[in-house]
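work31.tsv follows; it contains TSV, N, CA and C atoms.
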chain	number	residue	atom	x	y	z
A	293	MET	N	61.17	-97.84	-14.91
A	293	MET	CA	62.02	-96.66	-14.97
A	293	MET	C	62.25	-96.29	-16.43
A	294	PHE	N	62.15	-95.04	-16.74
A	294	PHE	CA	62.39	-94.55	-18.09
A	294	PHE	C	63.74	-93.83	-18.11
A	295	ASP	N	64.51	-94.04	-19.15
A	295	ASP	CA	65.82	-93.40	-19.29
A	295	ASP	C	65.64	-92.06	-20.02
A	296	PHE	N	65.59	-90.99	-19.26
A	296	PHE	CA	65.35	-89.67	-19.85
A	296	PHE	C	66.51	-89.17	-20.70
A	297	SER	N	67.64	-89.82	-20.60
A	297	SER	CA	68.76	-89.42	-21.46
A	297	SER	C	68.50	-89.79	-22.92
A	298	THR	N	67.48	-90.60	-23.17
A	298	THR	CA	67.16	-90.99	-24.55
A	298	THR	C	66.31	-89.94	-25.27
A	299	LEU	N	65.76	-88.99	-24.52
A	299	LEU	CA	64.95	-87.95	-25.15
A	299	LEU	C	65.83	-87.08	-26.03
A	300	ILE	N	65.27	-86.66	-27.15
A	300	ILE	CA	66.02	-85.84	-28.11
A	300	ILE	C	65.49	-84.41	-28.06
A	301	THR	N	66.35	-83.49	-27.66
A	301	THR	CA	65.95	-82.08	-27.55
A	301	THR	C	66.87	-81.17	-28.36
A	302	ASP	N	67.74	-81.77	-29.15
A	302	ASP	CA	68.74	-80.97	-29.86
A	302	ASP	C	68.73	-81.18	-31.37
A	303	ARG	N	67.55	-81.52	-31.91
A	303	ARG	CA	67.44	-81.64	-33.37
A	303	ARG	C	67.75	-80.29	-34.00
A	304	THR	N	68.34	-80.33	-35.19
A	304	THR	CA	68.66	-79.09	-35.89
A	304	THR	C	68.11	-79.13	-37.31
A	305	LEU	N	68.12	-77.98	-37.96
A	305	LEU	CA	67.72	-77.91	-39.35
A	305	LEU	C	68.64	-78.78	-40.21
A	306	GLU	N	69.90	-78.84	-39.82
A	306	GLU	CA	70.86	-79.69	-40.54
A	306	GLU	C	70.47	-81.17	-40.44
A	307	ASP	N	69.97	-81.59	-39.27
A	307	ASP	CA	69.50	-82.98	-39.12
A	307	ASP	C	68.34	-83.26	-40.08
A	308	VAL	N	67.43	-82.30	-40.18
A	308	VAL	CA	66.28	-82.46	-41.08
A	308	VAL	C	66.76	-82.54	-42.52
A	309	ALA	N	67.65	-81.64	-42.91
A	309	ALA	CA	68.15	-81.63	-44.28
A	309	ALA	C	68.89	-82.93	-44.62
A	310	ALA	N	69.62	-83.46	-43.64
A	310	ALA	CA	70.38	-84.70	-43.85
A	310	ALA	C	69.48	-85.94	-43.78
A	311	ARG	N	68.26	-85.74	-43.27
A	311	ARG	CA	67.33	-86.85	-43.07
A	311	ARG	C	67.96	-87.96	-42.24
A	312	ASN	N	68.73	-87.53	-41.25
A	312	ASN	CA	69.36	-88.51	-40.37
A	312	ASN	C	68.38	-88.95	-39.28
A	313	GLU	N	68.86	-89.75	-38.34
A	313	GLU	CA	67.99	-90.31	-37.30
A	313	GLU	C	67.25	-89.23	-36.51
A	314	LYS	N	67.93	-88.15	-36.17
A	314	LYS	CA	67.28	-87.07	-35.42
A	314	LYS	C	66.38	-86.22	-36.31
A	315	GLY	N	66.67	-86.19	-37.59
A	315	GLY	CA	65.94	-85.32	-38.50
A	315	GLY	C	64.67	-85.90	-39.07
A	316	SER	N	64.40	-87.14	-38.77
A	316	SER	CA	63.19	-87.81	-39.28
A	316	SER	C	62.35	-88.25	-38.10
A	317	TYR	N	61.14	-87.74	-37.97
A	317	TYR	CA	60.25	-88.10	-36.87
A	317	TYR	C	59.49	-89.35	-37.28
A	318	ASN	N	59.65	-90.43	-36.51
A	318	ASN	CA	59.07	-91.70	-36.92
A	318	ASN	C	58.59	-92.51	-35.72
A	319	ALA	N	58.33	-93.79	-35.93
A	319	ALA	CA	57.81	-94.66	-34.87
A	319	ALA	C	58.71	-94.69	-33.64
A	320	THR	N	60.01	-94.64	-33.84
A	320	THR	CA	60.94	-94.64	-32.71
A	320	THR	C	60.68	-93.44	-31.80
A	321	ASP	N	60.48	-92.28	-32.40
A	321	ASP	CA	60.20	-91.07	-31.62
A	321	ASP	C	58.85	-91.18	-30.91
A	322	LEU	N	57.83	-91.62	-31.65
A	322	LEU	CA	56.50	-91.77	-31.07
A	322	LEU	C	56.52	-92.73	-29.88
A	323	ASN	N	57.24	-93.83	-30.03
A	323	ASN	CA	57.32	-94.81	-28.94
A	323	ASN	C	58.09	-94.29	-27.74
A	324	ARG	N	59.18	-93.58	-28.00
A	324	ARG	CA	59.98	-93.02	-26.90
A	324	ARG	C	59.14	-92.04	-26.10
A	325	VAL	N	58.45	-91.16	-26.79
A	325	VAL	CA	57.60	-90.17	-26.11
A	325	VAL	C	56.45	-90.87	-25.39
A	326	GLY	N	55.84	-91.86	-26.02
A	326	GLY	CA	54.76	-92.60	-25.37
A	326	GLY	C	55.22	-93.26	-24.08
A	327	ALA	N	56.40	-93.85	-24.10
A	327	ALA	CA	56.95	-94.50	-22.89
A	327	ALA	C	57.23	-93.47	-21.80
A	328	ALA	N	57.75	-92.31	-22.19
A	328	ALA	CA	58.02	-91.26	-21.21
A	328	ALA	C	56.72	-90.72	-20.61
A	329	VAL	N	55.71	-90.54	-21.43
A	329	VAL	CA	54.40	-90.06	-20.95
A	329	VAL	C	53.85	-91.06	-19.92
A	330	LYS	N	53.91	-92.34	-20.25
A	330	LYS	CA	53.42	-93.37	-19.33
A	330	LYS	C	54.17	-93.31	-18.00
A	331	TYR	N	55.48	-93.21	-18.07
A	331	TYR	CA	56.29	-93.18	-16.85
A	331	TYR	C	55.96	-91.95	-16.00
A	332	ILE	N	55.91	-90.78	-16.61
A	332	ILE	CA	55.63	-89.56	-15.86
A	332	ILE	C	54.22	-89.61	-15.27
A	333	ALA	N	53.25	-90.07	-16.04
A	333	ALA	CA	51.88	-90.17	-15.53
A	333	ALA	C	51.81	-91.08	-14.31
A	334	GLU	N	52.52	-92.19	-14.36
A	334	GLU	CA	52.55	-93.11	-13.21
A	334	GLU	C	53.20	-92.45	-12.00
A	335	ARG	N	54.28	-91.71	-12.23
A	335	ARG	CA	54.94	-91.00	-11.11
A	335	ARG	C	53.99	-89.97	-10.52
A	336	PHE	N	53.36	-89.18	-11.38
A	336	PHE	CA	52.43	-88.17	-10.88
A	336	PHE	C	51.29	-88.81	-10.10
A	337	SER	N	50.75	-89.89	-10.61
A	337	SER	CA	49.66	-90.59	-9.90
A	337	SER	C	50.14	-91.07	-8.54
A	338	GLY	N	51.38	-91.55	-8.49
A	338	GLY	CA	51.96	-92.00	-7.23
A	338	GLY	C	52.08	-90.89	-6.20
A	339	TYR	N	52.22	-89.66	-6.69
A	339	TYR	CA	52.29	-88.50	-5.79
A	339	TYR	C	50.91	-87.92	-5.49
A	340	GLY	N	49.87	-88.55	-6.03
A	340	GLY	CA	48.51	-88.12	-5.73
A	340	GLY	C	47.89	-87.15	-6.74
A	341	TYR	N	48.58	-86.90	-7.84
A	341	TYR	CA	48.02	-86.02	-8.87
A	341	TYR	C	47.11	-86.82	-9.79
A	342	ALA	N	45.98	-86.23	-10.14
A	342	ALA	CA	45.07	-86.86	-11.09
A	342	ALA	C	45.61	-86.63	-12.50
A	343	VAL	N	45.85	-87.71	-13.20
A	343	VAL	CA	46.42	-87.63	-14.54
A	343	VAL	C	45.58	-88.48	-15.48
A	344	SER	N	45.18	-87.88	-16.60
A	344	SER	CA	44.41	-88.62	-17.59
A	344	SER	C	45.14	-88.54	-18.93
A	345	VAL	N	45.85	-89.61	-19.26
A	345	VAL	CA	46.57	-89.69	-20.53
A	345	VAL	C	46.32	-91.06	-21.15
A	346	SER	N	46.57	-91.15	-22.45
A	346	SER	CA	46.41	-92.42	-23.17
A	346	SER	C	47.63	-92.64	-24.05
A	347	PRO	N	48.78	-92.93	-23.43
A	347	PRO	CA	49.99	-93.08	-24.24
A	347	PRO	C	50.00	-94.37	-25.06
A	348	LYS	N	50.56	-94.26	-26.22
A	348	LYS	CA	50.74	-95.42	-27.11
A	348	LYS	C	52.24	-95.54	-27.34
A	349	ALA	N	52.77	-96.74	-27.12
A	349	ALA	CA	54.21	-96.94	-27.28
A	349	ALA	C	54.51	-98.21	-28.07
A	350	ASP	N	53.60	-98.53	-28.98
A	350	ASP	CA	53.82	-99.74	-29.79
A	350	ASP	C	53.66	-99.44	-31.29
A	351	TRP	N	54.11	-98.25	-31.68
A	351	TRP	CA	54.08	-97.88	-33.09
A	351	TRP	C	55.08	-98.72	-33.87
A	352	SER	N	54.74	-99.03	-35.10
A	352	SER	CA	55.70	-99.69	-35.99
A	352	SER	C	55.92	-98.77	-37.19
A	353	GLU	N	57.00	-99.03	-37.90
A	353	GLU	CA	57.34	-98.19	-39.06
A	353	GLU	C	56.26	-98.24	-40.13
A	354	SER	N	55.45	-99.28	-40.15
A	354	SER	CA	54.40	-99.38	-41.16
A	354	SER	C	53.12	-98.65	-40.77
A	355	ASP	N	53.04	-98.17	-39.53
A	355	ASP	CA	51.86	-97.43	-39.08
A	355	ASP	C	51.83	-96.03	-39.67
A	356	THR	N	50.63	-95.58	-39.99
A	356	THR	CA	50.41	-94.20	-40.40
A	356	THR	C	49.47	-93.59	-39.37
A	357	PRO	N	50.00	-92.75	-38.48
A	357	PRO	CA	49.16	-92.18	-37.43
A	357	PRO	C	48.03	-91.33	-38.02
A	358	THR	N	46.86	-91.46	-37.42
A	358	THR	CA	45.73	-90.64	-37.83
A	358	THR	C	45.80	-89.29	-37.13
A	359	ALA	N	45.02	-88.34	-37.62
A	359	ALA	CA	44.97	-87.03	-36.98
A	359	ALA	C	44.50	-87.17	-35.54
A	360	SER	N	43.56	-88.05	-35.30
A	360	SER	CA	43.05	-88.27	-33.95
A	360	SER	C	44.13	-88.84	-33.04
A	361	GLN	N	44.90	-89.80	-33.53
A	361	GLN	CA	45.98	-90.37	-32.73
A	361	GLN	C	47.04	-89.32	-32.41
A	362	MET	N	47.35	-88.49	-33.36
A	362	MET	CA	48.35	-87.45	-33.12
A	362	MET	C	47.83	-86.38	-32.17
A	363	GLU	N	46.53	-86.12	-32.20
A	363	GLU	CA	45.97	-85.18	-31.23
A	363	GLU	C	46.02	-85.77	-29.83
A	364	THR	N	45.79	-87.07	-29.71
A	364	THR	CA	45.93	-87.72	-28.40
A	364	THR	C	47.38	-87.63	-27.93
A	365	TYR	N	48.31	-87.87	-28.83
A	365	TYR	CA	49.75	-87.78	-28.54
A	365	TYR	C	50.08	-86.38	-28.00
A	366	ARG	N	49.63	-85.35	-28.72
A	366	ARG	CA	49.87	-83.97	-28.31
A	366	ARG	C	49.14	-83.66	-27.00
A	367	GLY	N	47.89	-84.11	-26.91
A	367	GLY	CA	47.10	-83.87	-25.71
A	367	GLY	C	47.70	-84.49	-24.47
A	368	ASN	N	48.35	-85.65	-24.62
A	368	ASN	CA	49.02	-86.27	-23.47
A	368	ASN	C	50.08	-85.33	-22.91
A	369	ILE	N	50.85	-84.71	-23.79
A	369	ILE	CA	51.90	-83.78	-23.35
A	369	ILE	C	51.26	-82.59	-22.65
A	370	ALA	N	50.22	-82.03	-23.26
A	370	ALA	CA	49.53	-80.87	-22.68
A	370	ALA	C	48.96	-81.21	-21.30
A	371	SER	N	48.36	-82.39	-21.18
A	371	SER	CA	47.77	-82.81	-19.90
A	371	SER	C	48.82	-82.92	-18.82
A	372	LEU	N	49.94	-83.55	-19.13
A	372	LEU	CA	51.01	-83.68	-18.13
A	372	LEU	C	51.58	-82.32	-17.76
A	373	ARG	N	51.78	-81.48	-18.75
A	373	ARG	CA	52.36	-80.15	-18.49
A	373	ARG	C	51.45	-79.33	-17.58
A	374	ALA	N	50.15	-79.56	-17.65
A	374	ALA	CA	49.19	-78.79	-16.86
A	374	ALA	C	49.06	-79.28	-15.41
A	375	VAL	N	49.63	-80.43	-15.10
A	375	VAL	CA	49.46	-81.02	-13.77
A	375	VAL	C	50.23	-80.25	-12.69
A	376	ILE	N	51.45	-79.85	-13.00
A	376	ILE	CA	52.27	-79.19	-11.98
A	376	ILE	C	52.87	-77.91	-12.56
A	377	ALA	N	53.37	-77.08	-11.67
A	377	ALA	CA	54.06	-75.87	-12.12
A	377	ALA	C	55.33	-76.30	-12.86
A	378	VAL	N	55.62	-75.62	-13.93
A	378	VAL	CA	56.81	-75.92	-14.71
A	378	VAL	C	57.76	-74.74	-14.65
A	379	MET	N	58.99	-74.99	-15.07
A	379	MET	CA	59.99	-73.93	-15.09
A	379	MET	C	59.61	-72.88	-16.13
A	380	ALA	N	60.06	-71.67	-15.93
A	380	ALA	CA	59.76	-70.59	-16.87
A	380	ALA	C	60.28	-70.91	-18.27
A	381	ALA	N	61.36	-71.66	-18.35
A	381	ALA	CA	61.96	-71.98	-19.64
A	381	ALA	C	61.30	-73.19	-20.33
A	382	THR	N	60.38	-73.85	-19.64
A	382	THR	CA	59.72	-75.00	-20.25
A	382	THR	C	58.87	-74.53	-21.42
A	383	PRO	N	59.07	-75.14	-22.60
A	383	PRO	CA	58.31	-74.70	-23.78
A	383	PRO	C	56.82	-74.96	-23.63
A	384	GLU	N	56.04	-74.24	-24.41
A	384	GLU	CA	54.61	-74.49	-24.50
A	384	GLU	C	54.40	-75.76	-25.31
A	385	THR	N	53.32	-76.44	-25.05
A	385	THR	CA	52.94	-77.60	-25.86
A	385	THR	C	52.51	-77.10	-27.24
A	386	PRO	N	52.95	-77.75	-28.31
A	386	PRO	CA	52.47	-77.33	-29.63
A	386	PRO	C	50.95	-77.32	-29.67
A	387	GLU	N	50.38	-76.35	-30.36
A	387	GLU	CA	48.93	-76.25	-30.45
A	387	GLU	C	48.34	-77.33	-31.36
A	388	THR	N	49.15	-77.86	-32.24
A	388	THR	CA	48.72	-78.89	-33.17
A	388	THR	C	49.93	-79.70	-33.59
A	389	MET	N	49.67	-80.88	-34.12
A	389	MET	CA	50.77	-81.69	-34.65
A	389	MET	C	50.93	-81.47	-36.15
A	390	ARG	N	50.04	-80.70	-36.73
A	390	ARG	CA	50.17	-80.37	-38.14
A	390	ARG	C	51.42	-79.52	-38.32
A	391	ALA	N	52.12	-79.76	-39.37
A	391	ALA	CA	53.34	-79.01	-39.68
A	391	ALA	C	54.38	-79.13	-38.55
A	392	LEU	N	54.46	-80.31	-37.96
A	392	LEU	CA	55.47	-80.54	-36.93
A	392	LEU	C	56.84	-80.29	-37.53
A	393	ASN	N	57.62	-79.47	-36.84
A	393	ASN	CA	58.99	-79.21	-37.29
A	393	ASN	C	59.96	-79.63	-36.19
A	394	TYR	N	61.24	-79.47	-36.45
A	394	TYR	CA	62.23	-79.95	-35.49
A	394	TYR	C	62.16	-79.18	-34.17
A	395	VAL	N	61.78	-77.91	-34.20
A	395	VAL	CA	61.67	-77.12	-32.97
A	395	VAL	C	60.54	-77.67	-32.11
A	396	LYS	N	59.38	-77.90	-32.72
A	396	LYS	CA	58.25	-78.45	-31.96
A	396	LYS	C	58.55	-79.86	-31.46
A	397	ALA	N	59.24	-80.65	-32.27
A	397	ALA	CA	59.62	-81.99	-31.84
A	397	ALA	C	60.56	-81.91	-30.63
A	398	ASN	N	61.53	-81.00	-30.69
A	398	ASN	CA	62.42	-80.80	-29.54
A	398	ASN	C	61.62	-80.37	-28.32
A	399	ASN	N	60.67	-79.46	-28.51
A	399	ASN	CA	59.89	-78.94	-27.39
A	399	ASN	C	59.09	-80.03	-26.69
A	400	ILE	N	58.50	-80.93	-27.47
A	400	ILE	CA	57.73	-82.03	-26.87
A	400	ILE	C	58.61	-82.82	-25.91
A	401	GLU	N	59.80	-83.16	-26.35
A	401	GLU	CA	60.67	-83.97	-25.51
A	401	GLU	C	61.31	-83.15	-24.38
A	402	ARG	N	61.49	-81.86	-24.61
A	402	ARG	CA	62.00	-80.99	-23.56
A	402	ARG	C	60.98	-80.84	-22.43
A	403	ILE	N	59.70	-80.75	-22.78
A	403	ILE	CA	58.66	-80.68	-21.76
A	403	ILE	C	58.73	-81.91	-20.86
A	404	LEU	N	58.86	-83.07	-21.46
A	404	LEU	CA	58.95	-84.31	-20.69
A	404	LEU	C	60.19	-84.31	-19.80
A	405	GLN	N	61.29	-83.85	-20.33
A	405	GLN	CA	62.54	-83.76	-19.56
A	405	GLN	C	62.34	-82.82	-18.36
A	406	ASP	N	61.72	-81.67	-18.62
A	406	ASP	CA	61.49	-80.71	-17.53
A	406	ASP	C	60.53	-81.26	-16.49
A	407	LEU	N	59.50	-81.98	-16.92
A	407	LEU	CA	58.57	-82.57	-15.97
A	407	LEU	C	59.26	-83.59	-15.08
A	408	ASP	N	60.20	-84.32	-15.63
A	408	ASP	CA	60.97	-85.27	-14.82
A	408	ASP	C	61.81	-84.54	-13.80
A	409	THR	N	62.35	-83.40	-14.18
A	409	THR	CA	63.18	-82.62	-13.26
A	409	THR	C	62.35	-82.12	-12.10
Could you render the structure as structure tokens?
Amino acid sequence: MFDFSTLITDRTLEDVAARNEKGSYNATDLNRVGAAVKYIAERFSGYGYAVSVSPKADWSESDTPTASQMETYRGNIASLRAVIAVMAATPETPETMRALNYVKANNIERILQDLDT
């Protein structure tokens, strides 16, 4: 079971400026999203949906994600979002992880929250 209340969807520009926990995207965020992707993919598979994702949830602070790893990260979100109909308010998956900002970071976790709903 994944605790969806841990997803962060309310980052602000002030968080980024303060470089606080919500304003810095790091291994904790990557692991949280990876764990949520794994959980949702397993649920979807249990309902008979074909899901192809490769979540990683063992990032450490010393890791430097490669462009390929971040594309897999982004692609996992896109793949899950494409499996079922989503709410009209569900954000689009970012087209790239380059220039990730707090809005895109919020959107990634909001998509997961909406998929759980």
**OP:** Grab the atom C of Thr364 of chain A to atom N of Gly315 of chain A distance for me, in Å with one decimal place.
**Re:**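 Atom-to-atom, atom C of Thr364 of chain A to atom N of Gly315 of chain A, that is 21.6 Å.
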Subject >> Option closest in space to Ser352 of chain A, from A:Val329, A:Ile403, A:Ala319, A:Leu299 [counting all atoms listed in the file] >> reply: A:Ala319
Subject >> All residues 8 Å or closer to Arg402 of chain A, only N, CA and C atoms, same chain fewer than 3 positions away omitted, as number ranges by chain >> reply: A: 299-302, 381-383, 396-399, 405-408
**OP:** Per DSSP on the backbone, filter chain A down to the residues in helix (DSSP H, G or I) and report them as an MDAnalysis selection string.
**Re:** chainID A and resid 296:298 305:310 319:338 359:375 394:408
Subject >> Ser344 of chain A surroundings by all atoms listed in the file, 8 Å radius, close-in-sequence under 6 positions cut, as a PyMOL selection string >> reply: chain A and resi 333+367-368+371-372
I'd like a table as JSON lines: residues in segment 328-397 of chain A with an atom no more than 10 Å from segment 305-312 of chain A, each row giving the shortest atom pair and its distance in Å to one decimal, only C-alpha atoms counted, sorted by chain and rising residue number.
{"residue": "A:Asn393", "atom": "CA", "partner": "A:Val308", "partner_atom": "CA", "distance": 8.8}
{"residue": "A:Tyr394", "atom": "CA", "partner": "A:Leu305", "partner_atom": "CA", "distance": 7.0}
{"residue": "A:Val395", "atom": "CA", "partner": "A:Leu305", "partner_atom": "CA", "distance": 8.8}
Original post:
Can you tell me how far atom C of Val343 of chain A sits from atom N of Thr385 of chain A, in Å to one decimal?
Top reply: 17.2 Å
Segment 371-379 of chain A: axis-aligned bounding box, 5 Å on each side, centre and edge lengths in Å, one decimal, as lines of an AutoDock Vina configuration file:
center_x = 53.9
center_y = -78.3
center_z = -16.4
size_x = 22.2
size_y = 20.8
size_z = 19.5
**OP:** Please return, as a list in words, all polymer residues that have at least one atom within 12 Å of the point (59.5, -95.6, -28.7); use only C-alpha atoms and the file's own coordinate frame.
**Re:**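 Applying the cut-off with only C-alpha atoms, one gets Phe294, Asp295, Thr298, Leu299, Ile300, Tyr317, Asn318, Ala319, Thr320, Asp321, Leu322, Asn323, Arg324, Val325, Gly326, Ala327, Ala328, Val329, Lys330, Pro347, Lys348, Ala349, Asp350, Trp351, Ser352 and Glu353 of chain A.
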**OP:** Return the single residue from A:Leu404, A:Pro386, A:Phe336, A:Tyr331 that is closest to Arg366 of chain A, with distances computed using all atoms listed in the file.
**Re:**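 Closest candidate: A:Pro386.
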Subject >> Two-atom distance - atom C of Arg390 of chain A, atom C of Ser316 of chain A (Å) >> reply: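 Separation between atom C of Arg390 of chain A and atom C of Ser316 of chain A: 14.0 Å.
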Writing all heavy atoms and nothing else, produce segment 394-404 of chain A as a PDB file, in the first residue's frame.
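selection-v7.pdb was written with the following content:
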ATOM      1  N   TYR A 394       8.759  23.961 -10.315  1.00  0.00           N
ATOM      2  CA  TYR A 394       7.857  23.510  -9.251  1.00  0.00           C
ATOM      3  C   TYR A 394       6.470  23.161  -9.789  1.00  0.00           C
ATOM      4  O   TYR A 394       5.813  22.265  -9.263  1.00  0.00           O
ATOM      5  CB  TYR A 394       7.780  24.536  -8.115  1.00  0.00           C
ATOM      6  CG  TYR A 394       7.046  25.807  -8.445  1.00  0.00           C
ATOM      7  CD1 TYR A 394       5.700  25.947  -8.135  1.00  0.00           C
ATOM      8  CD2 TYR A 394       7.685  26.872  -9.078  1.00  0.00           C
ATOM      9  CE1 TYR A 394       5.014  27.110  -8.437  1.00  0.00           C
ATOM     10  CE2 TYR A 394       7.007  28.035  -9.375  1.00  0.00           C
ATOM     11  CZ  TYR A 394       5.671  28.149  -9.063  1.00  0.00           C
ATOM     12  OH  TYR A 394       4.992  29.296  -9.356  1.00  0.00           O
ATOM     13  N   VAL A 395       6.022  23.823 -10.843  1.00  0.00           N
ATOM     14  CA  VAL A 395       4.708  23.521 -11.420  1.00  0.00           C
ATOM     15  C   VAL A 395       4.720  22.121 -12.031  1.00  0.00           C
ATOM     16  O   VAL A 395       3.816  21.316 -11.787  1.00  0.00           O
ATOM     17  CB  VAL A 395       4.299  24.587 -12.462  1.00  0.00           C
ATOM     18  CG1 VAL A 395       3.011  24.189 -13.170  1.00  0.00           C
ATOM     19  CG2 VAL A 395       4.153  25.952 -11.811  1.00  0.00           C
ATOM     20  N   LYS A 396       5.750  21.822 -12.816  1.00  0.00           N
ATOM     21  CA  LYS A 396       5.854  20.491 -13.422  1.00  0.00           C
ATOM     22  C   LYS A 396       6.030  19.416 -12.357  1.00  0.00           C
ATOM     23  O   LYS A 396       5.472  18.319 -12.478  1.00  0.00           O
ATOM     24  CB  LYS A 396       7.015  20.450 -14.413  1.00  0.00           C
ATOM     25  CG  LYS A 396       6.783  21.288 -15.655  1.00  0.00           C
ATOM     26  CD  LYS A 396       8.005  21.253 -16.558  1.00  0.00           C
ATOM     27  CE  LYS A 396       7.851  22.183 -17.733  1.00  0.00           C
ATOM     28  NZ  LYS A 396       9.084  22.216 -18.560  1.00  0.00           N
ATOM     29  N   ALA A 397       6.800  19.719 -11.324  1.00  0.00           N
ATOM     30  CA  ALA A 397       6.974  18.757 -10.231  1.00  0.00           C
ATOM     31  C   ALA A 397       5.636  18.488  -9.546  1.00  0.00           C
ATOM     32  O   ALA A 397       5.290  17.335  -9.261  1.00  0.00           O
ATOM     33  CB  ALA A 397       8.005  19.279  -9.230  1.00  0.00           C
ATOM     34  N   ASN A 398       4.867  19.549  -9.293  1.00  0.00           N
ATOM     35  CA  ASN A 398       3.531  19.374  -8.717  1.00  0.00           C
ATOM     36  C   ASN A 398       2.658  18.533  -9.636  1.00  0.00           C
ATOM     37  O   ASN A 398       1.915  17.652  -9.182  1.00  0.00           O
ATOM     38  CB  ASN A 398       2.855  20.730  -8.494  1.00  0.00           C
ATOM     39  CG  ASN A 398       3.389  21.488  -7.309  1.00  0.00           C
ATOM     40  OD1 ASN A 398       4.024  20.935  -6.425  1.00  0.00           O
ATOM     41  ND2 ASN A 398       3.141  22.787  -7.289  1.00  0.00           N
ATOM     42  N   ASN A 399       2.723  18.809 -10.942  1.00  0.00           N
ATOM     43  CA  ASN A 399       1.878  18.100 -11.903  1.00  0.00           C
ATOM     44  C   ASN A 399       2.167  16.606 -11.923  1.00  0.00           C
ATOM     45  O   ASN A 399       1.242  15.793 -12.012  1.00  0.00           O
ATOM     46  CB  ASN A 399       2.040  18.687 -13.300  1.00  0.00           C
ATOM     47  CG  ASN A 399       1.378  20.039 -13.444  1.00  0.00           C
ATOM     48  OD1 ASN A 399       0.610  20.472 -12.585  1.00  0.00           O
ATOM     49  ND2 ASN A 399       1.684  20.728 -14.524  1.00  0.00           N
ATOM     50  N   ILE A 400       3.442  16.232 -11.853  1.00  0.00           N
ATOM     51  CA  ILE A 400       3.803  14.813 -11.836  1.00  0.00           C
ATOM     52  C   ILE A 400       3.100  14.107 -10.679  1.00  0.00           C
ATOM     53  O   ILE A 400       2.480  13.057 -10.857  1.00  0.00           O
ATOM     54  CB  ILE A 400       5.333  14.645 -11.737  1.00  0.00           C
ATOM     55  CG1 ILE A 400       5.981  15.027 -13.069  1.00  0.00           C
ATOM     56  CG2 ILE A 400       5.714  13.226 -11.313  1.00  0.00           C
ATOM     57  CD1 ILE A 400       7.492  15.157 -13.014  1.00  0.00           C
ATOM     58  N   GLU A 401       3.162  14.700  -9.511  1.00  0.00           N
ATOM     59  CA  GLU A 401       2.570  14.051  -8.347  1.00  0.00           C
ATOM     60  C   GLU A 401       1.045  14.174  -8.340  1.00  0.00           C
ATOM     61  O   GLU A 401       0.344  13.286  -7.855  1.00  0.00           O
ATOM     62  CB  GLU A 401       3.230  14.565  -7.074  1.00  0.00           C
ATOM     63  CG  GLU A 401       4.722  14.221  -7.103  1.00  0.00           C
ATOM     64  CD  GLU A 401       5.462  14.374  -5.811  1.00  0.00           C
ATOM     65  OE1 GLU A 401       4.931  13.950  -4.761  1.00  0.00           O
ATOM     66  OE2 GLU A 401       6.598  14.889  -5.847  1.00  0.00           O
ATOM     67  N   ARG A 402       0.526  15.225  -8.946  1.00  0.00           N
ATOM     68  CA  ARG A 402      -0.926  15.369  -9.066  1.00  0.00           C
ATOM     69  C   ARG A 402      -1.502  14.307  -9.996  1.00  0.00           C
ATOM     70  O   ARG A 402      -2.576  13.750  -9.748  1.00  0.00           O
ATOM     71  CB  ARG A 402      -1.260  16.781  -9.582  1.00  0.00           C
ATOM     72  CG  ARG A 402      -2.732  17.030  -9.797  1.00  0.00           C
ATOM     73  CD  ARG A 402      -3.503  16.826  -8.470  1.00  0.00           C
ATOM     74  NE  ARG A 402      -4.902  16.880  -8.663  1.00  0.00           N
ATOM     75  CZ  ARG A 402      -5.641  17.968  -8.459  1.00  0.00           C
ATOM     76  NH1 ARG A 402      -5.079  19.073  -8.057  1.00  0.00           N
ATOM     77  NH2 ARG A 402      -6.933  17.922  -8.652  1.00  0.00           N
ATOM     78  N   ILE A 403      -0.793  14.002 -11.081  1.00  0.00           N
ATOM     79  CA  ILE A 403      -1.230  12.946 -11.988  1.00  0.00           C
ATOM     80  C   ILE A 403      -1.361  11.629 -11.219  1.00  0.00           C
ATOM     81  O   ILE A 403      -2.365  10.930 -11.347  1.00  0.00           O
ATOM     82  CB  ILE A 403      -0.247  12.787 -13.176  1.00  0.00           C
ATOM     83  CG1 ILE A 403      -0.331  14.006 -14.092  1.00  0.00           C
ATOM     84  CG2 ILE A 403      -0.523  11.508 -13.952  1.00  0.00           C
ATOM     85  CD1 ILE A 403       0.824  14.125 -15.083  1.00  0.00           C
ATOM     86  N   LEU A 404      -0.367  11.312 -10.422  1.00  0.00           N
ATOM     87  CA  LEU A 404      -0.408  10.080  -9.634  1.00  0.00           C
ATOM     88  C   LEU A 404      -1.572  10.089  -8.649  1.00  0.00           C
ATOM     89  O   LEU A 404      -2.271   9.083  -8.490  1.00  0.00           O
ATOM     90  CB  LEU A 404       0.926   9.880  -8.905  1.00  0.00           C
ATOM     91  CG  LEU A 404       2.124   9.633  -9.819  1.00  0.00           C
ATOM     92  CD1 LEU A 404       3.421   9.725  -9.031  1.00  0.00           C
ATOM     93  CD2 LEU A 404       1.998   8.307 -10.545  1.00  0.00           C
TER      94      LEU A 404
END
